[in-house]
$ cat data13.cif   # mmCIF, N, CA and C atoms
data_structure
loop_
_atom_site.label_atom_id
_atom_site.label_comp_id
_atom_site.auth_asym_id
_atom_site.auth_seq_id
_atom_site.Cartn_x
_atom_site.Cartn_y
_atom_site.Cartn_z
N MET A 1083 126.98 89.64 92.03
CA MET A 1083 127.26 88.79 93.17
C MET A 1083 128.73 88.89 93.58
N ASP A 1084 129.43 89.86 92.98
CA ASP A 1084 130.83 90.05 93.31
C ASP A 1084 131.05 90.48 94.76
N ASN A 1085 130.02 91.05 95.37
CA ASN A 1085 130.16 91.55 96.74
C ASN A 1085 129.79 90.51 97.79
N ILE A 1086 129.52 89.29 97.39
CA ILE A 1086 129.10 88.26 98.34
C ILE A 1086 130.26 87.30 98.58
N ARG A 1087 130.50 87.04 99.86
CA ARG A 1087 131.60 86.16 100.26
C ARG A 1087 131.20 85.40 101.52
N PRO A 1088 131.92 84.31 101.82
CA PRO A 1088 131.65 83.61 103.08
C PRO A 1088 131.94 84.51 104.28
N ALA A 1089 131.13 84.40 105.30
CA ALA A 1089 131.37 85.15 106.53
C ALA A 1089 132.59 84.58 107.25
N THR A 1090 133.24 85.43 108.02
CA THR A 1090 134.37 85.02 108.84
C THR A 1090 134.09 85.41 110.29
N LEU A 1091 134.93 84.94 111.20
CA LEU A 1091 134.76 85.32 112.60
C LEU A 1091 134.92 86.82 112.80
N GLU A 1092 135.64 87.49 111.91
CA GLU A 1092 135.80 88.95 112.01
C GLU A 1092 134.49 89.68 111.71
N ASP A 1093 133.53 89.00 111.11
CA ASP A 1093 132.25 89.61 110.75
C ASP A 1093 131.20 89.53 111.86
N ILE A 1094 131.48 88.79 112.92
CA ILE A 1094 130.38 88.49 113.85
C ILE A 1094 129.76 89.71 114.53
N SER A 1095 130.51 90.75 114.75
CA SER A 1095 129.88 91.93 115.37
C SER A 1095 128.87 92.57 114.41
N ARG A 1096 129.19 92.60 113.11
CA ARG A 1096 128.22 93.15 112.14
C ARG A 1096 127.03 92.21 111.98
N LEU A 1097 127.28 90.90 111.95
CA LEU A 1097 126.17 89.94 111.87
C LEU A 1097 125.23 90.15 113.05
N ALA A 1098 125.81 90.29 114.22
CA ALA A 1098 125.01 90.48 115.44
C ALA A 1098 124.20 91.77 115.37
N GLU A 1099 124.82 92.87 114.96
CA GLU A 1099 124.10 94.14 114.85
C GLU A 1099 122.94 94.04 113.88
N ILE A 1100 123.21 93.52 112.70
CA ILE A 1100 122.17 93.42 111.68
C ILE A 1100 121.03 92.54 112.15
N GLU A 1101 121.37 91.41 112.76
CA GLU A 1101 120.36 90.48 113.24
C GLU A 1101 119.50 91.10 114.34
N VAL A 1102 120.12 91.69 115.34
CA VAL A 1102 119.38 92.26 116.47
C VAL A 1102 118.44 93.37 116.00
N PHE A 1103 118.93 94.27 115.17
CA PHE A 1103 118.07 95.38 114.74
C PHE A 1103 116.93 94.89 113.85
N ASN A 1104 117.16 93.86 113.05
CA ASN A 1104 116.08 93.30 112.25
C ASN A 1104 115.06 92.58 113.11
N TYR A 1105 115.51 91.84 114.10
CA TYR A 1105 114.57 91.18 115.00
C TYR A 1105 113.68 92.21 115.69
N ARG A 1106 114.29 93.28 116.17
CA ARG A 1106 113.50 94.31 116.85
C ARG A 1106 112.52 94.98 115.88
N LEU A 1107 112.98 95.32 114.71
CA LEU A 1107 112.14 96.02 113.73
C LEU A 1107 111.00 95.14 113.22
N ASN A 1108 111.30 93.88 112.89
CA ASN A 1108 110.31 93.03 112.23
C ASN A 1108 109.49 92.16 113.16
N PHE A 1109 110.06 91.76 114.29
CA PHE A 1109 109.37 90.79 115.13
C PHE A 1109 108.83 91.36 116.44
N TYR A 1110 109.45 92.41 116.98
CA TYR A 1110 108.92 93.01 118.20
C TYR A 1110 107.47 93.45 118.04
N PRO A 1111 107.09 94.07 116.91
CA PRO A 1111 105.68 94.47 116.77
C PRO A 1111 104.70 93.31 116.83
N VAL A 1112 105.14 92.11 116.52
CA VAL A 1112 104.28 90.93 116.57
C VAL A 1112 104.26 90.34 117.98
N PHE A 1113 105.43 90.18 118.58
CA PHE A 1113 105.54 89.46 119.84
C PHE A 1113 105.45 90.35 121.08
N ARG A 1114 105.83 91.61 120.96
CA ARG A 1114 105.73 92.59 122.06
C ARG A 1114 106.29 92.07 123.39
N ASP A 1115 107.48 91.52 123.34
CA ASP A 1115 108.12 90.97 124.54
C ASP A 1115 109.31 91.86 124.91
N ASP A 1116 109.05 92.86 125.75
CA ASP A 1116 110.09 93.82 126.12
C ASP A 1116 111.30 93.15 126.76
N ALA A 1117 111.06 92.20 127.65
CA ALA A 1117 112.16 91.54 128.35
C ALA A 1117 113.11 90.86 127.36
N TYR A 1118 112.55 90.22 126.36
CA TYR A 1118 113.40 89.54 125.38
C TYR A 1118 114.05 90.53 124.42
N TYR A 1119 113.25 91.37 123.77
CA TYR A 1119 113.77 92.21 122.69
C TYR A 1119 114.67 93.34 123.16
N PHE A 1120 114.55 93.75 124.42
CA PHE A 1120 115.38 94.85 124.90
C PHE A 1120 116.24 94.47 126.10
N GLY A 1121 116.11 93.24 126.56
CA GLY A 1121 116.93 92.76 127.67
C GLY A 1121 117.85 91.65 127.22
N GLU A 1122 117.26 90.56 126.78
CA GLU A 1122 118.04 89.39 126.37
C GLU A 1122 118.66 89.56 124.98
N LEU A 1123 117.91 90.14 124.06
CA LEU A 1123 118.38 90.28 122.68
C LEU A 1123 119.22 91.55 122.55
N THR A 1124 120.49 91.42 122.85
CA THR A 1124 121.41 92.55 122.72
C THR A 1124 122.51 92.17 121.73
N VAL A 1125 123.17 93.16 121.22
CA VAL A 1125 124.27 92.89 120.31
C VAL A 1125 125.36 92.10 121.03
N ALA A 1126 125.66 92.46 122.26
CA ALA A 1126 126.69 91.74 123.02
C ALA A 1126 126.33 90.26 123.18
N ASN A 1127 125.07 89.97 123.52
CA ASN A 1127 124.65 88.58 123.65
C ASN A 1127 124.69 87.85 122.31
N ALA A 1128 124.31 88.54 121.24
CA ALA A 1128 124.35 87.91 119.91
C ALA A 1128 125.78 87.61 119.49
N VAL A 1129 126.71 88.52 119.78
CA VAL A 1129 128.13 88.28 119.47
C VAL A 1129 128.60 87.04 120.23
N GLU A 1130 128.27 86.96 121.49
CA GLU A 1130 128.68 85.81 122.30
C GLU A 1130 128.08 84.52 121.75
N ASN A 1131 126.84 84.57 121.31
CA ASN A 1131 126.20 83.39 120.72
C ASN A 1131 126.94 82.96 119.45
N TYR A 1132 127.34 83.92 118.62
CA TYR A 1132 128.11 83.58 117.42
C TYR A 1132 129.46 82.95 117.80
N ARG A 1133 130.08 83.44 118.85
CA ARG A 1133 131.36 82.86 119.29
C ARG A 1133 131.17 81.41 119.74
N ARG A 1134 130.06 81.15 120.44
CA ARG A 1134 129.78 79.79 120.94
C ARG A 1134 129.37 78.84 119.82
N THR A 1135 128.66 79.35 118.82
CA THR A 1135 128.14 78.50 117.74
C THR A 1135 128.78 78.91 116.42
N GLN A 1136 130.09 78.75 116.35
CA GLN A 1136 130.83 79.20 115.17
C GLN A 1136 130.41 78.45 113.91
N GLU A 1137 129.76 77.31 114.06
CA GLU A 1137 129.26 76.57 112.89
C GLU A 1137 128.31 77.45 112.07
N ASN A 1138 127.53 78.30 112.74
CA ASN A 1138 126.62 79.20 112.03
C ASN A 1138 127.36 80.14 111.09
N VAL A 1139 128.55 80.56 111.47
CA VAL A 1139 129.32 81.46 110.62
C VAL A 1139 129.72 80.74 109.33
N LYS A 1140 130.00 79.44 109.42
CA LYS A 1140 130.40 78.67 108.24
C LYS A 1140 129.28 78.56 107.22
N ASN A 1141 128.03 78.67 107.65
CA ASN A 1141 126.88 78.57 106.75
C ASN A 1141 126.36 79.93 106.33
N THR A 1142 127.12 80.98 106.60
CA THR A 1142 126.65 82.34 106.39
C THR A 1142 127.49 83.03 105.32
N TYR A 1143 126.79 83.81 104.49
CA TYR A 1143 127.43 84.57 103.42
C TYR A 1143 127.01 86.02 103.58
N VAL A 1144 127.97 86.92 103.41
CA VAL A 1144 127.71 88.34 103.63
C VAL A 1144 127.78 89.11 102.33
N TYR A 1145 127.01 90.17 102.28
CA TYR A 1145 127.13 91.18 101.22
C TYR A 1145 128.10 92.21 101.76
N ASP A 1146 129.24 92.33 101.12
CA ASP A 1146 130.31 93.20 101.61
C ASP A 1146 130.88 94.01 100.45
N ASP A 1147 130.56 95.28 100.41
CA ASP A 1147 131.13 96.17 99.40
C ASP A 1147 132.10 97.15 100.05
N GLY A 1148 132.76 96.67 101.08
CA GLY A 1148 133.63 97.49 101.92
C GLY A 1148 133.07 97.57 103.32
N VAL A 1149 131.77 97.36 103.42
CA VAL A 1149 131.05 97.29 104.69
C VAL A 1149 130.07 96.13 104.58
N VAL A 1150 129.98 95.31 105.61
CA VAL A 1150 129.00 94.23 105.61
C VAL A 1150 127.63 94.85 105.79
N LYS A 1151 126.77 94.67 104.78
CA LYS A 1151 125.46 95.31 104.77
C LYS A 1151 124.30 94.34 104.91
N GLY A 1152 124.57 93.04 104.81
CA GLY A 1152 123.52 92.04 104.95
C GLY A 1152 124.13 90.66 104.96
N PHE A 1153 123.31 89.67 105.30
CA PHE A 1153 123.81 88.30 105.30
C PHE A 1153 122.67 87.31 105.08
N ILE A 1154 123.07 86.13 104.63
CA ILE A 1154 122.14 85.01 104.46
C ILE A 1154 122.78 83.78 105.09
N ARG A 1155 121.99 83.02 105.84
CA ARG A 1155 122.45 81.76 106.42
C ARG A 1155 121.68 80.64 105.74
N ILE A 1156 122.41 79.63 105.31
CA ILE A 1156 121.85 78.53 104.54
C ILE A 1156 122.17 77.22 105.24
N GLU A 1157 121.19 76.34 105.33
CA GLU A 1157 121.42 74.98 105.83
C GLU A 1157 120.76 74.04 104.85
N GLY A 1158 121.57 73.24 104.17
CA GLY A 1158 121.03 72.38 103.13
C GLY A 1158 120.41 73.25 102.06
N GLY A 1159 119.17 72.97 101.69
CA GLY A 1159 118.48 73.78 100.69
C GLY A 1159 117.60 74.84 101.28
N GLU A 1160 117.79 75.18 102.55
CA GLU A 1160 116.92 76.12 103.26
C GLU A 1160 117.61 77.44 103.57
N VAL A 1161 116.90 78.53 103.34
CA VAL A 1161 117.33 79.83 103.84
C VAL A 1161 116.88 79.89 105.30
N VAL A 1162 117.83 79.96 106.20
CA VAL A 1162 117.52 79.99 107.63
C VAL A 1162 117.35 81.43 108.10
N LYS A 1163 118.18 82.33 107.59
CA LYS A 1163 118.08 83.76 107.92
C LYS A 1163 118.52 84.57 106.71
N LEU A 1164 117.85 85.66 106.51
CA LEU A 1164 118.24 86.64 105.49
C LEU A 1164 117.92 88.01 106.06
N PHE A 1165 118.96 88.78 106.35
CA PHE A 1165 118.78 90.09 106.93
C PHE A 1165 119.66 91.11 106.23
N VAL A 1166 119.13 92.31 106.06
CA VAL A 1166 119.87 93.45 105.51
C VAL A 1166 119.77 94.57 106.53
N GLU A 1167 120.85 95.31 106.68
CA GLU A 1167 120.84 96.47 107.57
C GLU A 1167 119.58 97.27 107.26
N PRO A 1168 118.74 97.54 108.28
CA PRO A 1168 117.45 98.18 108.02
C PRO A 1168 117.50 99.47 107.20
N VAL A 1169 118.47 100.33 107.44
CA VAL A 1169 118.52 101.59 106.69
C VAL A 1169 118.96 101.40 105.25
N LEU A 1170 119.40 100.20 104.90
CA LEU A 1170 119.86 99.91 103.54
C LEU A 1170 118.91 99.00 102.77
N GLN A 1171 117.79 98.67 103.38
CA GLN A 1171 116.83 97.81 102.69
C GLN A 1171 116.25 98.53 101.49
N GLY A 1172 115.87 97.76 100.47
CA GLY A 1172 115.32 98.34 99.25
C GLY A 1172 116.38 98.67 98.21
N GLN A 1173 117.62 98.25 98.44
CA GLN A 1173 118.71 98.54 97.51
C GLN A 1173 119.20 97.29 96.80
N SER A 1174 118.41 96.25 96.78
CA SER A 1174 118.67 94.96 96.12
C SER A 1174 119.72 94.10 96.81
N ILE A 1175 120.14 94.45 98.00
CA ILE A 1175 121.11 93.65 98.73
C ILE A 1175 120.51 92.28 99.08
N GLY A 1176 119.30 92.28 99.61
CA GLY A 1176 118.64 91.02 99.95
C GLY A 1176 118.40 90.17 98.72
N ALA A 1177 118.00 90.79 97.62
CA ALA A 1177 117.78 90.05 96.37
C ALA A 1177 119.07 89.42 95.88
N GLN A 1178 120.17 90.15 95.97
CA GLN A 1178 121.46 89.60 95.53
C GLN A 1178 121.87 88.42 96.41
N LEU A 1179 121.67 88.54 97.72
CA LEU A 1179 121.99 87.43 98.62
C LEU A 1179 121.13 86.20 98.31
N LEU A 1180 119.84 86.42 98.08
CA LEU A 1180 118.95 85.31 97.78
C LEU A 1180 119.32 84.67 96.44
N ASN A 1181 119.59 85.47 95.44
CA ASN A 1181 119.99 84.94 94.13
C ASN A 1181 121.28 84.13 94.24
N TYR A 1182 122.21 84.60 95.05
CA TYR A 1182 123.46 83.87 95.28
C TYR A 1182 123.15 82.50 95.90
N ALA A 1183 122.29 82.48 96.90
CA ALA A 1183 121.96 81.22 97.58
C ALA A 1183 121.29 80.24 96.62
N ILE A 1184 120.43 80.75 95.77
CA ILE A 1184 119.75 79.90 94.79
C ILE A 1184 120.76 79.35 93.78
N ALA A 1185 121.61 80.22 93.26
CA ALA A 1185 122.55 79.83 92.21
C ALA A 1185 123.68 78.93 92.71
N HIS A 1186 124.17 79.19 93.91
CA HIS A 1186 125.37 78.50 94.39
C HIS A 1186 125.12 77.46 95.47
N HIS A 1187 123.93 77.45 96.04
CA HIS A 1187 123.66 76.52 97.15
C HIS A 1187 122.33 75.79 96.98
N ALA A 1188 121.75 75.88 95.80
CA ALA A 1188 120.52 75.15 95.48
C ALA A 1188 119.42 75.33 96.53
N VAL A 1189 119.25 76.56 96.99
CA VAL A 1189 118.20 76.86 97.96
C VAL A 1189 116.84 76.65 97.31
N THR A 1190 115.95 75.95 98.03
CA THR A 1190 114.62 75.67 97.49
C THR A 1190 113.49 76.06 98.42
N PHE A 1191 113.77 76.32 99.71
CA PHE A 1191 112.67 76.64 100.62
C PHE A 1191 113.14 77.46 101.81
N LEU A 1192 112.14 77.96 102.54
CA LEU A 1192 112.37 78.71 103.77
C LEU A 1192 111.07 78.78 104.54
N TRP A 1193 111.18 79.16 105.80
CA TRP A 1193 110.03 79.43 106.65
C TRP A 1193 110.06 80.90 107.01
N ALA A 1194 108.91 81.57 106.95
CA ALA A 1194 108.82 82.99 107.29
C ALA A 1194 107.65 83.20 108.24
N LEU A 1195 107.76 84.18 109.09
CA LEU A 1195 106.68 84.52 110.00
C LEU A 1195 105.47 84.96 109.20
N GLU A 1196 104.35 84.34 109.45
CA GLU A 1196 103.13 84.61 108.69
C GLU A 1196 102.73 86.08 108.72
N LYS A 1197 102.99 86.76 109.82
CA LYS A 1197 102.61 88.17 109.95
C LYS A 1197 103.66 89.13 109.39
N ASN A 1198 104.77 88.61 108.89
CA ASN A 1198 105.81 89.46 108.33
C ASN A 1198 105.50 89.66 106.84
N GLU A 1199 104.53 90.50 106.57
CA GLU A 1199 104.03 90.70 105.21
C GLU A 1199 105.11 91.22 104.27
N ARG A 1200 105.99 92.04 104.77
CA ARG A 1200 107.06 92.59 103.92
C ARG A 1200 107.97 91.46 103.44
N ALA A 1201 108.34 90.55 104.32
CA ALA A 1201 109.20 89.42 103.94
C ALA A 1201 108.47 88.51 102.97
N LEU A 1202 107.20 88.25 103.22
CA LEU A 1202 106.44 87.38 102.33
C LEU A 1202 106.38 87.98 100.92
N ARG A 1203 106.11 89.27 100.83
CA ARG A 1203 106.09 89.94 99.52
C ARG A 1203 107.43 89.80 98.82
N PHE A 1204 108.51 90.01 99.57
CA PHE A 1204 109.86 89.91 99.02
C PHE A 1204 110.08 88.53 98.39
N TYR A 1205 109.76 87.48 99.12
CA TYR A 1205 110.00 86.12 98.61
C TYR A 1205 109.05 85.77 97.47
N LEU A 1206 107.81 86.19 97.56
CA LEU A 1206 106.86 85.90 96.48
C LEU A 1206 107.30 86.58 95.17
N GLN A 1207 107.81 87.79 95.28
CA GLN A 1207 108.28 88.51 94.09
C GLN A 1207 109.51 87.87 93.46
N ARG A 1208 110.17 86.99 94.21
CA ARG A 1208 111.40 86.36 93.72
C ARG A 1208 111.22 84.88 93.42
N GLY A 1209 109.99 84.49 93.12
CA GLY A 1209 109.75 83.15 92.63
C GLY A 1209 109.39 82.09 93.66
N PHE A 1210 109.28 82.47 94.91
CA PHE A 1210 108.84 81.52 95.92
C PHE A 1210 107.32 81.54 95.97
N HIS A 1211 106.73 80.46 96.44
CA HIS A 1211 105.27 80.42 96.59
C HIS A 1211 104.92 79.77 97.93
N LEU A 1212 103.78 80.16 98.45
CA LEU A 1212 103.30 79.58 99.70
C LEU A 1212 102.84 78.15 99.44
N THR A 1213 103.21 77.25 100.35
CA THR A 1213 102.88 75.84 100.17
C THR A 1213 101.62 75.44 100.92
N GLY A 1214 101.17 76.28 101.82
CA GLY A 1214 100.03 75.92 102.67
C GLY A 1214 100.47 75.25 103.97
N LYS A 1215 101.76 74.95 104.09
CA LYS A 1215 102.28 74.33 105.32
C LYS A 1215 102.57 75.44 106.33
N ARG A 1216 102.16 75.16 107.57
CA ARG A 1216 102.36 76.11 108.67
C ARG A 1216 102.86 75.35 109.88
N LYS A 1217 103.61 76.04 110.72
CA LYS A 1217 104.00 75.48 112.01
C LYS A 1217 104.16 76.65 112.97
N TYR A 1218 104.06 76.33 114.25
CA TYR A 1218 104.23 77.39 115.25
C TYR A 1218 105.69 77.79 115.37
N GLU A 1219 105.92 79.09 115.50
CA GLU A 1219 107.23 79.58 115.91
C GLU A 1219 107.43 79.04 117.32
N GLU A 1220 108.56 78.41 117.54
CA GLU A 1220 108.81 77.74 118.82
C GLU A 1220 108.52 78.65 120.01
N GLY A 1221 107.73 78.13 120.94
CA GLY A 1221 107.42 78.84 122.17
C GLY A 1221 106.41 79.96 122.03
N THR A 1222 105.71 80.03 120.87
CA THR A 1222 104.74 81.11 120.65
C THR A 1222 103.45 80.54 120.07
N THR A 1223 102.50 81.42 119.88
CA THR A 1223 101.25 81.04 119.21
C THR A 1223 101.20 81.63 117.80
N GLU A 1224 102.33 82.10 117.30
CA GLU A 1224 102.42 82.67 115.96
C GLU A 1224 102.91 81.61 114.97
N TYR A 1225 102.40 81.72 113.75
CA TYR A 1225 102.75 80.73 112.73
C TYR A 1225 103.89 81.17 111.83
N LEU A 1226 104.68 80.18 111.44
CA LEU A 1226 105.61 80.29 110.34
C LEU A 1226 104.95 79.62 109.15
N VAL A 1227 105.19 80.14 107.96
CA VAL A 1227 104.65 79.54 106.74
C VAL A 1227 105.83 79.12 105.87
N ARG A 1228 105.64 78.02 105.16
CA ARG A 1228 106.70 77.50 104.29
C ARG A 1228 106.53 78.03 102.88
N LEU A 1229 107.63 78.52 102.33
CA LEU A 1229 107.68 78.98 100.94
C LEU A 1229 108.69 78.12 100.20
N GLU A 1230 108.38 77.80 98.94
CA GLU A 1230 109.27 76.99 98.12
C GLU A 1230 109.42 77.63 96.75
N ARG A 1231 110.50 77.25 96.07
CA ARG A 1231 110.75 77.68 94.69
C ARG A 1231 110.23 76.62 93.74
#
$ encode --input "data13.cif" --output "structure tokens"
Amino acid sequence: MDNIRPATLEDISRLAEIEVFNYRLNFYPVFRDDAYYFGELTVANAVENYRRTQENVKNTYVYDDGVVKGFIRIEGGEVVKLFVEPVLQGQSIGAQLLNYAIAHHAVTFLWALEKNERALRFYLQRGFHLTGKRKYEEGTTEYLVRLER
């Protein structure tokens, strides 16, 4: 966990890149909304959003071994976002971020897109379990499922 540190405003361009590419990779196949994923969801717009909502940066921790390769956002005991640069996934970066959140921020739950099987497998392999609670992803007909430790 030596490579994990609090995010700073200098990190927002990397946070934006990682977030946008993960949203496109993991969620576009489910939602198929070209206007949003390729028009509204741009790195430039995400950077601007981070500038406007700097509070999000305060709740974010990055994996940085010389390059920011992933991040986790925590609110209370909840993992709000966990993303790793897509080409670097499978190298334990996400696991290290999650372990850090559990050890240092008492993370106990999260919501994940029900159709994101890869994410669900990841969390189940790390001690989370499905609770049976579901809710709609805001503005959609797709479900989020709650996982707890």
$ atom_distance --input "data13.cif" --atom1 "CA of Tyr1182 (chain A)" --atom2 "CA of Met1083 (chain A)"
6.6 Å
$ resolve_selection --input "data13.cif" --expression "the PyMOL selection byres (((chain A and resi 1101 and name CA) around 10) and name CA)" --output "VMD selection string"
chain A and resid 1095 to 1100 1102 to 1107 1123 to 1125 1128 1152 to 1153 1163 to 1168
$ atom_distance --input "data13.cif" --atom1 "atom C of Val1144 (chain A)" --atom2 "atom N of Ile1086 (chain A)"
5.2 Å
$ closest_residue --input "data13.cif" --among "A:Glu1224, A:Glu1130, A:Asn1108, A:Asp1093" --to "Gly1148 (chain A)" --atoms "only C-alpha atoms"
A:Asp1093
$ closest_residue --input "data13.cif" --among "A:Leu1195, A:Tyr1205, A:Arg1133, A:Ile1154" --to "Glu1092 (chain A)" --atoms "only C-alpha atoms"
A:Arg1133
$ closest_residue --input "data13.cif" --among "A:Tyr1145, A:Tyr1119, A:Tyr1225, A:Phe1109" --to "Ala1194 (chain A)" --atoms "only N, CA and C atoms"
A:Tyr1225
$ residues_around --input "data13.cif" --residues "Ile1184 (chain A)" --least-positions-apart "3" --cutoff "12 Å" --atoms "only C-alpha atoms" --output "NGL selection string"
:A and (1083 or 1154 or 1156 or 1158-1161 or 1177-1181 or 1187-1192 or 1208-1210 or 1230-1231)
$ closest_residue --input "data13.cif" --among "A:Lys1140, A:Gly1176, A:Trp1193, A:Phe1113" --to "Val1162 (chain A)" --atoms "only N, CA and C atoms"
A:Trp1193
$ resolve_selection --input "data13.cif" --expression "the PyMOL selection byres (((chain A and resi 1142 and name CA) around 6) and name CA)" --output "ChimeraX atom specification"
/A:1089,1139-1141,1143,1154-1155
$ atom_distance --input "data13.cif" --atom1 "atom C of Lys1151 (chain A)" --atom2 "CA of Leu1091 (chain A)"
15.8 Å
$ decode --input "data13.cif" --residues "region 1103-1122 of chain A" --atoms "N, CA and C atoms" --output "tab-separated table (two decimals), in the first residue's frame"
chain	number	residue	atom	x	y	z
A	1103	PHE	N	-12.53	6.45	-19.63
A	1103	PHE	CA	-12.27	5.22	-20.38
A	1103	PHE	C	-12.92	4.01	-19.72
A	1104	ASN	N	-12.99	3.98	-18.40
A	1104	ASN	CA	-13.68	2.89	-17.72
A	1104	ASN	C	-15.18	2.95	-17.94
A	1105	TYR	N	-15.75	4.14	-17.90
A	1105	TYR	CA	-17.19	4.25	-18.17
A	1105	TYR	C	-17.50	3.75	-19.57
A	1106	ARG	N	-16.69	4.14	-20.54
A	1106	ARG	CA	-16.94	3.69	-21.91
A	1106	ARG	C	-16.77	2.18	-22.03
A	1107	LEU	N	-15.73	1.64	-21.45
A	1107	LEU	CA	-15.44	0.21	-21.56
A	1107	LEU	C	-16.49	-0.64	-20.84
A	1108	ASN	N	-16.86	-0.25	-19.62
A	1108	ASN	CA	-17.72	-1.09	-18.80
A	1108	ASN	C	-19.21	-0.80	-18.90
A	1109	PHE	N	-19.57	0.45	-19.18
A	1109	PHE	CA	-20.98	0.81	-19.12
A	1109	PHE	C	-21.62	1.08	-20.48
A	1110	TYR	N	-20.84	1.53	-21.46
A	1110	TYR	CA	-21.41	1.75	-22.79
A	1110	TYR	C	-22.06	0.49	-23.35
A	1111	PRO	N	-21.44	-0.70	-23.20
A	1111	PRO	CA	-22.09	-1.90	-23.73
A	1111	PRO	C	-23.46	-2.18	-23.11
A	1112	VAL	N	-23.71	-1.69	-21.92
A	1112	VAL	CA	-25.00	-1.90	-21.26
A	1112	VAL	C	-25.99	-0.82	-21.70
A	1113	PHE	N	-25.57	0.43	-21.68
A	1113	PHE	CA	-26.49	1.54	-21.90
A	1113	PHE	C	-26.61	1.98	-23.35
A	1114	ARG	N	-25.57	1.78	-24.15
A	1114	ARG	CA	-25.57	2.10	-25.59
A	1114	ARG	C	-26.10	3.51	-25.89
A	1115	ASP	N	-25.59	4.48	-25.18
A	1115	ASP	CA	-26.03	5.87	-25.36
A	1115	ASP	C	-24.88	6.66	-26.00
A	1116	ASP	N	-24.85	6.70	-27.33
A	1116	ASP	CA	-23.77	7.37	-28.05
A	1116	ASP	C	-23.63	8.83	-27.66
A	1117	ALA	N	-24.76	9.53	-27.56
A	1117	ALA	CA	-24.71	10.96	-27.25
A	1117	ALA	C	-24.01	11.21	-25.91
A	1118	TYR	N	-24.30	10.38	-24.93
A	1118	TYR	CA	-23.67	10.57	-23.63
A	1118	TYR	C	-22.22	10.10	-23.63
A	1119	TYR	N	-21.98	8.86	-24.04
A	1119	TYR	CA	-20.65	8.27	-23.88
A	1119	TYR	C	-19.60	8.85	-24.82
A	1120	PHE	N	-20.02	9.43	-25.94
A	1120	PHE	CA	-19.05	9.97	-26.88
A	1120	PHE	C	-19.23	11.46	-27.14
A	1121	GLY	N	-20.25	12.06	-26.53
A	1121	GLY	CA	-20.47	13.49	-26.67
A	1121	GLY	C	-20.28	14.20	-25.36
A	1122	GLU	N	-21.11	13.85	-24.40
A	1122	GLU	CA	-21.07	14.51	-23.09
A	1122	GLU	C	-19.93	14.00	-22.21
